[in-house]
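Visitor: If it helps, the file is called my_file_21.cif and holds mmCIF, C-alpha atoms:
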data_run
loop_
_atom_site.label_atom_id
_atom_site.label_comp_id
_atom_site.auth_asym_id
_atom_site.auth_seq_id
_atom_site.Cartn_x
_atom_site.Cartn_y
_atom_site.Cartn_z
CA MET A 30 -12.09 5.71 13.84
CA GLU A 31 -9.40 4.24 16.08
CA CYS A 32 -7.39 2.45 13.35
CA ILE A 33 -7.09 2.34 9.58
CA ASN A 34 -6.16 -0.82 7.68
CA VAL A 35 -3.52 -0.63 4.95
CA LEU A 36 -2.51 -3.31 2.47
CA SER A 37 1.06 -2.94 1.24
CA LEU A 38 2.40 -5.01 -1.67
CA ASP A 39 6.10 -4.71 -2.49
CA LEU A 40 6.79 -6.08 -5.97
CA ASP A 41 9.99 -7.74 -4.78
CA TRP A 42 7.65 -10.30 -3.19
CA PHE A 43 7.24 -11.76 -6.68
CA ASN A 44 10.96 -12.59 -6.79
CA TYR A 45 9.96 -16.07 -5.63
CA ILE A 46 8.67 -16.79 -9.16
CA GLN A 47 12.15 -16.36 -10.64
CA ARG A 48 14.24 -17.59 -7.74
CA SER A 49 14.88 -21.20 -8.78
CA GLN A 50 15.04 -21.00 -12.58
CA SER A 51 14.16 -19.04 -15.69
CA VAL A 52 10.38 -18.81 -15.97
CA PRO A 53 8.55 -18.46 -19.32
CA ILE A 54 6.87 -15.06 -19.64
CA GLY A 55 3.43 -16.68 -19.94
CA GLN A 56 3.80 -18.54 -16.64
CA PHE A 57 5.28 -15.47 -15.02
CA ARG A 58 2.27 -13.35 -15.95
CA ALA A 59 -0.12 -16.14 -14.99
CA GLU A 60 1.28 -16.26 -11.43
CA ILE A 61 0.80 -12.51 -10.97
CA ASP A 62 -2.61 -12.61 -12.64
CA GLN A 63 -3.72 -15.36 -10.24
CA PHE A 64 -2.53 -13.37 -7.24
CA PHE A 65 -4.68 -10.36 -8.15
CA ALA A 66 -7.64 -12.58 -9.09
CA ARG A 67 -7.62 -14.12 -5.62
CA LEU A 68 -6.97 -10.79 -3.91
CA SER A 69 -9.89 -9.08 -5.65
CA LYS A 70 -12.30 -11.77 -4.43
CA SER A 71 -11.03 -12.08 -0.87
CA CYS A 72 -11.24 -8.61 0.68
CA SER A 73 -12.68 -5.13 0.32
CA LEU A 74 -10.21 -2.75 -1.31
CA PRO A 75 -10.51 1.05 -1.43
CA SER A 76 -11.46 2.88 -4.61
CA ARG A 77 -7.94 4.35 -4.89
CA LEU A 78 -4.58 2.65 -5.29
CA SER A 79 -1.29 4.42 -4.66
CA ILE A 80 1.84 3.30 -6.50
CA MET A 81 5.20 4.51 -5.25
CA LYS A 82 8.80 3.74 -6.13
CA GLU A 83 10.27 3.60 -2.61
CA HIS A 84 8.54 1.72 0.21
CA HIS A 85 9.37 4.11 3.07
CA TYR A 86 7.17 6.82 1.59
CA LEU A 87 4.30 4.64 2.77
CA TYR A 88 4.88 6.14 6.24
CA PRO A 89 4.00 9.78 5.44
CA TRP A 90 1.32 8.58 3.00
CA ALA A 91 -0.31 6.41 5.70
CA ASN A 92 -0.06 9.24 8.22
CA ALA A 93 -1.94 11.51 5.84
CA LEU A 94 -4.57 8.79 5.29
CA ALA A 95 -4.95 8.29 9.07
CA ILE A 96 -5.50 12.03 9.53
CA LYS A 97 -8.14 11.96 6.80
CA HIS A 98 -10.00 9.20 8.68
CA SER A 99 -9.35 10.74 12.14
CA ALA A 100 -7.49 7.56 13.12
CA HIS A 101 -4.71 7.17 15.69
CA LYS A 102 -3.17 3.86 14.60
CA ILE A 103 -2.26 2.22 11.29
CA ASN A 104 -2.69 -1.55 10.86
CA ILE A 105 -0.46 -3.01 8.17
CA VAL A 106 -0.61 -6.20 6.12
CA ASN A 107 2.79 -6.24 4.43
CA ILE A 108 3.21 -8.63 1.46
CA ASP A 109 6.93 -8.26 0.95
CA GLU A 110 10.23 -10.09 0.54
CA HIS A 111 11.58 -8.07 3.51
CA HIS A 112 10.04 -7.07 6.83
CA ASP A 113 11.61 -3.54 6.82
CA PHE A 114 12.46 -3.43 10.51
CA TYR A 115 16.20 -3.48 9.79
CA ASN A 116 19.06 -1.20 10.86
CA LEU A 117 17.33 0.10 13.99
CA ARG A 118 20.41 0.35 16.16
CA ASP A 119 22.62 3.41 15.90
CA SER A 120 22.83 3.29 12.09
CA ALA A 121 19.41 4.93 11.75
CA TRP A 122 20.53 7.76 14.02
CA LYS A 123 23.38 9.41 12.07
CA ASN A 124 25.06 12.45 13.58
CA GLY A 125 22.14 12.93 15.95
CA LYS A 126 19.60 12.84 13.11
CA ARG A 127 17.12 10.10 12.30
CA TRP A 128 17.10 8.91 8.69
CA VAL A 129 14.08 7.05 7.36
CA ASP A 130 14.70 4.63 4.47
CA CYS A 131 13.25 1.47 2.94
CA THR A 132 15.01 -0.78 5.48
CA ASN A 133 13.75 0.79 8.71
CA PHE A 134 10.56 2.80 8.19
CA PHE A 135 8.19 0.36 9.91
CA GLY A 136 10.48 0.66 12.93
CA PHE A 137 10.05 4.42 12.90
CA MET A 138 6.27 3.96 12.67
CA ALA A 139 6.49 1.85 15.83
CA HIS A 140 8.82 4.44 17.43
CA ASP A 141 6.23 7.16 16.81
CA ARG A 142 3.46 4.89 18.16
CA ARG A 143 1.60 5.04 14.85
CA LEU A 144 1.84 1.34 14.04
CA GLY A 145 -1.02 -0.82 15.30
CA ASP A 146 -1.05 -4.41 14.03
CA TYR A 147 1.71 -5.57 11.70
CA LEU A 148 1.33 -8.81 9.72
CA TRP A 149 4.09 -9.86 7.33
CA VAL A 150 3.43 -12.29 4.46
CA THR A 151 6.85 -13.68 3.53
CA THR A 152 8.02 -15.30 0.28
CA GLU A 153 8.68 -18.60 2.04
CA THR A 154 6.76 -21.75 1.16
CA THR A 155 6.55 -23.43 4.56
CA LYS A 156 5.34 -22.48 8.00
CA GLU A 157 8.74 -23.43 9.44
CA ALA A 158 10.75 -21.23 7.06
CA SER A 159 8.35 -18.35 7.61
CA TRP A 160 8.78 -18.83 11.37
CA VAL A 161 12.56 -18.45 10.94
CA HIS A 162 11.99 -15.17 9.08
CA GLY A 163 9.68 -14.11 11.89
CA LYS A 164 12.47 -14.75 14.39
CA ASP A 165 14.72 -12.44 12.39
CA LEU A 166 12.00 -9.77 12.50
CA MET A 167 11.75 -10.08 16.29
CA ALA A 168 15.55 -10.04 16.68
CA ASN A 169 15.74 -6.74 14.78
CA ILE A 170 12.96 -5.28 16.90
CA LYS A 171 14.61 -6.34 20.18
CA GLN A 172 17.96 -4.85 19.10
CA ALA A 173 16.48 -1.44 18.29
CA ARG A 174 17.84 1.65 19.97
CA SER A 175 14.35 3.00 20.69
CA PRO A 176 12.47 1.50 23.67
CA MET A 177 9.18 2.16 21.85
CA ILE A 178 10.33 -0.11 19.00
CA ARG A 179 11.55 -2.80 21.41
CA GLN A 180 8.09 -2.90 23.01
CA PHE A 181 6.33 -3.44 19.67
CA CYS A 182 4.89 -6.93 19.09
CA PRO A 183 4.02 -7.89 15.48
CA LYS A 184 1.70 -10.72 14.53
CA ARG A 185 3.15 -14.09 13.53
CA SER A 186 4.53 -14.10 9.97
CA LEU A 187 2.81 -16.15 7.27
CA PRO A 188 4.20 -18.14 4.31
CA ARG A 189 3.25 -16.89 0.86
CA HIS A 190 0.63 -19.55 0.04
CA ARG A 191 -1.39 -18.29 3.02
CA PHE A 192 -1.59 -14.67 1.90
CA ILE A 193 -5.35 -15.05 1.56
CA GLN A 194 -5.53 -15.70 5.30
CA ALA A 195 -3.94 -12.29 5.86
CA VAL A 196 -6.54 -10.40 3.82
CA LYS A 197 -9.70 -12.53 3.82
CA GLY A 198 -12.79 -10.65 4.88
CA ARG A 199 -10.89 -7.47 5.71
CA LYS A 200 -11.85 -3.98 4.66
CA PHE A 201 -8.81 -1.93 3.69
CA ASP A 202 -8.80 1.86 3.87
CA GLY A 203 -5.58 2.12 1.88
CA PHE A 204 -3.80 0.04 -0.76
CA VAL A 205 -0.20 0.64 -1.82
CA ILE A 206 1.93 -1.07 -4.44
CA VAL A 207 5.67 -0.43 -4.16
CA ARG A 208 7.80 -0.85 -7.28
CA SER A 209 11.19 -1.27 -5.51
CA PRO A 210 13.19 -1.41 -8.76
CA GLN A 211 16.43 -1.87 -6.82
CA TYR A 212 15.22 -5.15 -5.28
CA THR A 213 12.67 -6.51 -7.79
CA ALA A 214 14.13 -8.93 -10.32
CA ASN A 215 13.12 -8.12 -13.94
CA HIS A 216 11.36 -5.09 -12.56
CA ARG A 217 9.90 -3.81 -15.83
CA SER A 218 8.37 -7.19 -16.69
CA VAL A 219 6.89 -7.53 -13.21
CA TYR A 220 5.46 -4.01 -13.30
CA HIS A 221 3.92 -4.64 -16.73
CA ALA A 222 2.36 -7.91 -15.56
CA VAL A 223 0.93 -6.15 -12.49
CA ASP A 224 -0.48 -3.40 -14.69
CA LEU A 225 -2.23 -6.00 -16.87
CA ALA A 226 -3.62 -7.81 -13.83
CA LEU A 227 -4.91 -4.59 -12.27
CA SER A 228 -6.78 -3.63 -15.45
CA LYS A 229 -8.31 -7.11 -15.57
CA TRP A 230 -9.27 -7.74 -11.94
CA LEU A 231 -9.57 -4.22 -10.49
CA PRO A 232 -10.70 -2.19 -13.50
CA LYS A 233 -12.57 0.43 -11.47
CA ILE A 234 -9.77 1.29 -9.08
CA LYS A 235 -8.26 4.76 -9.52
CA VAL A 236 -4.47 4.65 -9.68
CA LYS A 237 -2.28 7.46 -8.37
CA LYS A 238 1.46 7.24 -9.09
CA HIS A 239 3.63 9.13 -6.61
CA THR A 240 7.14 10.31 -7.37
CA HIS A 241 9.80 11.43 -4.90
CA ARG A 242 13.36 12.31 -5.80
CA GLN A 243 15.08 11.53 -2.51
CA PRO A 244 15.90 7.86 -1.75
CA ASP A 245 15.53 8.55 1.99
CA PHE A 246 14.47 11.47 4.20
CA LEU A 247 15.05 12.95 7.62
CA HIS A 248 12.49 11.97 10.23
CA GLY A 249 12.09 15.68 10.95
CA ASN A 250 10.75 16.20 7.40
CA LEU A 251 7.95 13.67 7.88
CA HIS A 252 5.22 16.25 8.46
CA ALA A 253 6.02 18.26 5.31
CA ILE A 254 6.07 15.09 3.18
CA GLN A 255 2.78 13.80 4.58
CA GLN A 256 1.17 17.16 3.76
CA SER A 257 2.14 16.66 0.11
CA PHE A 258 0.26 13.33 0.15
CA GLY A 259 -2.76 14.82 1.88
CA THR A 260 -3.81 16.71 -1.23
CA CYS A 261 -4.19 13.56 -3.36
CA LEU A 262 -5.87 11.01 -1.07
#
Translate the structure of the given file into structure tokens.

Guide:
Amino acid sequence: MECINVLSLDLDWFNYIQRSQSVPIGQFRAEIDQFFARLSKSCSLPSRLSIMKEHHYLYPWANALAIKHSAHKINIVNIDEHHDFYNLRDSAWKNGKRWVDCTNFFGFMAHDRRLGDYLWVTTETTKEASWVHGKDLMANIKQARSPMIRQFCPKRSLPRHRFIQAVKGRKFDGFVIVRSPQYTANHRSVYHAVDLALSKWLPKIKVKKHTHRQPDFLHGNLHAIQQSFGTCL
């Protein structure tokens, strides 16, 4: 297999529900329920779902999954409030060491030539606003210190109402939900609503919850971390 396909959902994407005003809990849950109802009918998801607190641990997890499938590249559909190609100038290289965190990890995947296609589904409602976010993504890529990152070309970003277009008909080898409590508004309520929706629309999926104590990690520790994921895929 040349590539694996990974669907990544960061729960901060649901911040759009609460952005303009206070939303009744029933409507809040209904929005999330509808998302998973449509997702379950639009694509082929794997039998296992990984839930992790911090998004950048997707990198070693996806590496381990790629090794399992004998794949060289990782294609990502990222449903997320942020594109996670930030801080790729000198700030990611501190004292001669490369630090991987939730703001820059997709950049490091491109740096290591592991990232294949990258499609970002934004929280924006219009094609124009999503295009502006896509320009910010490209600006961060072009300003990166690494020439490998600067050469990377993501797909055009999509507004949130077109998330089905990003997944329709696709077969995903990996599915990750990221809790991101630091960035997700009313995190506990969102997580509970997601849990209810999963049990309703994806009742057969096996859920694995991963825990890691460190908020970020050295790029040099990537291999050891991916080995810890390899035992539970």

Visitor: I want to know what sits within 10 Å of segment 62-70 of chain A, based on all atoms listed in the file, with residues of the same chain fewer than 5 positions away left out; could you give that as a PyMOL selection string?

Guide: chain A and resi 43+56-57+192-193+196-198+222-227+229-231

Visitor: For His248 of chain A, which of A:Asn107, A:Ser76, A:Asn133, A:Asn44 is the closest residue, counting all atoms listed in the file?

Guide: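 Of A:Asn107, A:Ser76, A:Asn133, A:Asn44, the one nearest His248 of chain A is A:Asn133, counting all atoms listed in the file.
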
Visitor: Give me the residues near Phe181 of chain A as a compact mmCIF listing (two decimals) with C-alpha atoms, in the frame of the given file, where near means some atom within 10 Å (using all atoms listed in the file) and where sequence neighbours in that chain fewer than 5 positions away do not count.

Guide:
# COMPACT_ATOMS: atom_id res chain seq x y z
CA GLY A 136 10.48 0.66 12.93
CA ALA A 139 6.49 1.85 15.83
CA HIS A 140 8.82 4.44 17.43
CA ARG A 142 3.46 4.89 18.16
CA LEU A 144 1.84 1.34 14.04
CA GLY A 145 -1.02 -0.82 15.30
CA ASP A 146 -1.05 -4.41 14.03
CA TYR A 147 1.71 -5.57 11.70
CA MET A 167 11.75 -10.08 16.29
CA ILE A 170 12.96 -5.28 16.90
CA LYS A 171 14.61 -6.34 20.18
CA PRO A 176 12.47 1.50 23.67

Visitor: Could you give me, as a Markdown table, every segment 33-124 of chain A residue with an atom at most 8 Å from segment 250-255 of chain A, plus its closest atom pair and distance in Å to one decimal, counting all atoms listed in the file, rows ordered by chain then number?

Guide:
| residue | atom | partner | partner_atom | distance |
| --- | --- | --- | --- | --- |
| A:Pro89 | CA | A:Gln255 | CA | 4.3 |
| A:Trp90 | CA | A:Gln255 | CA | 5.6 |
| A:Asn92 | CA | A:Gln255 | CA | 6.5 |
| A:Ala93 | CA | A:Gln255 | CA | 5.4 |

Visitor: Apply the PyMOL selection byres ((chain A and resi 105) around 7) to the displayed file and report the matching residues as an MDAnalysis selection string.

Guide: chainID A and resid 34:36 103:104 106:107 146:148

Visitor: Between atom CA of Glu157 of chain A and atom CA of Asp39 of chain A, what distance in Å does the model show, to one decimal?

Guide: 22.4 Å

Visitor: What do you get, as a list in words, if you spell out every residue that the PyMOL selection byres ((chain A and resi 163) around 10) selects here?

Guide: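 Checked against the file, the PyMOL selection byres ((chain A and resi 163) around 10) matches His112, Trp149, Val150, Thr151, Glu157, Ala158, Ser159, Trp160, Val161, His162, Lys164, Asp165, Leu166, Met167, Ala168, Asn169, Pro183, Lys184, Arg185, Ser186 and Leu187 of chain A.
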
Visitor: For C-alpha atoms, I'd like the residues from the last selection saved as a PDB file, in the coordinates of the input.

Guide:
ATOM      1  CA  HIS A 112      10.040  -7.070   6.830  1.00  0.00           C
ATOM      2  CA  TRP A 149       4.090  -9.860   7.330  1.00  0.00           C
ATOM      3  CA  VAL A 150       3.430 -12.290   4.460  1.00  0.00           C
ATOM      4  CA  THR A 151       6.850 -13.680   3.530  1.00  0.00           C
ATOM      5  CA  GLU A 157       8.740 -23.430   9.440  1.00  0.00           C
ATOM      6  CA  ALA A 158      10.750 -21.230   7.060  1.00  0.00           C
ATOM      7  CA  SER A 159       8.350 -18.350   7.610  1.00  0.00           C
ATOM      8  CA  TRP A 160       8.780 -18.830  11.370  1.00  0.00           C
ATOM      9  CA  VAL A 161      12.560 -18.450  10.940  1.00  0.00           C
ATOM     10  CA  HIS A 162      11.990 -15.170   9.080  1.00  0.00           C
ATOM     11  CA  LYS A 164      12.470 -14.750  14.390  1.00  0.00           C
ATOM     12  CA  ASP A 165      14.720 -12.440  12.390  1.00  0.00           C
ATOM     13  CA  LEU A 166      12.000  -9.770  12.500  1.00  0.00           C
ATOM     14  CA  MET A 167      11.750 -10.080  16.290  1.00  0.00           C
ATOM     15  CA  ALA A 168      15.550 -10.040  16.680  1.00  0.00           C
ATOM     16  CA  ASN A 169      15.740  -6.740  14.780  1.00  0.00           C
ATOM     17  CA  PRO A 183       4.020  -7.890  15.480  1.00  0.00           C
ATOM     18  CA  LYS A 184       1.700 -10.720  14.530  1.00  0.00           C
ATOM     19  CA  ARG A 185       3.150 -14.090  13.530  1.00  0.00           C
ATOM     20  CA  SER A 186       4.530 -14.100   9.970  1.00  0.00           C
ATOM     21  CA  LEU A 187       2.810 -16.150   7.270  1.00  0.00           C
TER      22      LEU A 187
END

Visitor: For a test of reading the model, state the distance in Å between atom CA of Met138 of chain A and atom CA of Arg208 of chain A, rounded to one decimal.

Guide: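 Separating atom CA of Met138 of chain A from atom CA of Arg208 of chain A is a distance of 20.6 Å.
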
Visitor: What residues come out when you apply the PyMOL selection byres ((chain A and resi 30) around 10) to this file, written as a PyMOL selection string?

Guide: chain A and resi 31-33+95+98-102

Visitor: Could you check which of A:Gly249, A:Asn215, A:Pro232, A:Asp109 is closest to Val52 of chain A, using only C-alpha atoms?

Guide: A:Asn215

Visitor: Mind giving me the straight-line distance from atom CA of Cys182 of chain A to atom CA of Leu87 of chain A in Å, one decimal?

Guide: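 Between atom CA of Cys182 of chain A and atom CA of Leu87 of chain A the gap is 20.0 Å.
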
Visitor: Using all atoms listed in the file, which protein or nucleic acid residues come within 9 Å of Leu117 of chain A? Drop anything in the same chain fewer than 2 positions from it, and give the result as a list of chain:residue names.

Guide: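 Near neighbours after the sequence-gap exclusion: A:Phe114, A:Tyr115, A:Asp119, A:Ser120, A:Ala121, A:Trp122, A:Thr132, A:Asn133, A:Gly136, A:Phe137, A:Asn169, A:Ile170, A:Gln172, A:Ala173, A:Arg174, A:Ser175, A:Ile178.
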
Visitor: Identify which of the residues A:Thr152, A:Ser209, A:Ser228, A:Ser79 lies closest to Pro244 of chain A, counting all atoms listed in the file when measuring atom-to-atom distances.

Guide: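 Counting all atoms listed in the file, the residue closest to Pro244 of chain A is A:Ser209.
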
Visitor: Could you check the closest approach to Leu247 of chain A for each of A:Ala59, A:Cys72, A:Val129, A:Leu40 and tell me which residue wins, using all atoms listed in the file?

Guide: A:Val129

Visitor: Do a neighbour search on segment 233-240 of chain A at 8 Å with all atoms listed in the file, toss out local chain neighbours closer than 4 positions, and write the hits as a list in words.

Guide: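 Counting only the stated atoms, we get Pro75, Ser76, Arg77, Leu78, Ser79, Ile80, Met81 and Lys82 of chain A.
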
Visitor: Save N, CA and C atoms of segment 102-124 of chain A from the block above as a compact mmCIF listing (two decimals), in the first residue's frame.

Guide:
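What landed in result28.txt:
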# COMPACT_ATOMS: atom_id res chain seq x y z
N LYS A 102 3.15 6.95 2.74
CA LYS A 102 2.57 8.28 2.92
C LYS A 102 1.27 8.20 3.71
N ILE A 103 0.92 9.34 4.33
CA ILE A 103 -0.29 9.43 5.14
C ILE A 103 -1.15 10.56 4.59
N ASN A 104 -2.33 10.23 4.06
CA ASN A 104 -3.28 11.24 3.58
C ASN A 104 -4.20 11.63 4.74
N ILE A 105 -4.39 12.93 4.91
CA ILE A 105 -5.15 13.43 6.05
C ILE A 105 -6.35 14.25 5.59
N VAL A 106 -7.52 13.95 6.14
CA VAL A 106 -8.65 14.87 6.12
C VAL A 106 -8.77 15.40 7.54
N ASN A 107 -8.55 16.69 7.70
CA ASN A 107 -8.48 17.31 9.02
C ASN A 107 -9.69 18.23 9.23
N ILE A 108 -10.64 17.78 10.05
CA ILE A 108 -11.82 18.57 10.41
C ILE A 108 -11.48 19.27 11.72
N ASP A 109 -11.22 20.57 11.65
CA ASP A 109 -10.51 21.21 12.75
C ASP A 109 -10.71 22.73 12.67
N GLU A 110 -10.71 23.38 13.84
CA GLU A 110 -10.77 24.84 13.85
C GLU A 110 -9.45 25.45 13.39
N HIS A 111 -8.35 24.70 13.52
CA HIS A 111 -7.02 25.19 13.15
C HIS A 111 -6.36 24.24 12.15
N HIS A 112 -5.46 24.78 11.34
CA HIS A 112 -4.80 23.92 10.34
C HIS A 112 -3.56 23.22 10.88
N ASP A 113 -2.97 23.72 11.98
CA ASP A 113 -1.84 23.08 12.67
C ASP A 113 -0.56 23.01 11.83
N PHE A 114 -0.38 24.05 11.02
CA PHE A 114 0.90 24.29 10.34
C PHE A 114 1.52 25.59 10.84
N TYR A 115 1.33 25.90 12.12
CA TYR A 115 1.80 27.16 12.67
C TYR A 115 3.23 27.03 13.22
N ASN A 116 3.83 28.18 13.51
CA ASN A 116 5.10 28.25 14.25
C ASN A 116 6.20 27.39 13.63
N LEU A 117 6.35 27.48 12.32
CA LEU A 117 7.31 26.62 11.63
C LEU A 117 8.59 27.37 11.25
N ARG A 118 8.75 28.57 11.74
CA ARG A 118 10.01 29.26 11.58
C ARG A 118 10.99 28.75 12.63
N ASP A 119 11.74 29.61 13.24
CA ASP A 119 12.75 29.16 14.20
C ASP A 119 12.16 28.72 15.53
N SER A 120 10.90 29.11 15.82
CA SER A 120 10.32 28.79 17.13
C SER A 120 10.18 27.29 17.37
N ALA A 121 10.04 26.51 16.29
CA ALA A 121 9.93 25.06 16.45
C ALA A 121 11.29 24.40 16.66
N TRP A 122 12.35 25.15 16.36
CA TRP A 122 13.71 24.64 16.53
C TRP A 122 14.37 25.40 17.70
N LYS A 123 14.17 24.92 18.91
CA LYS A 123 14.65 25.61 20.11
C LYS A 123 15.96 25.00 20.58
N ASN A 124 16.98 25.85 20.66
CA ASN A 124 18.30 25.39 21.12
C ASN A 124 18.81 24.20 20.31
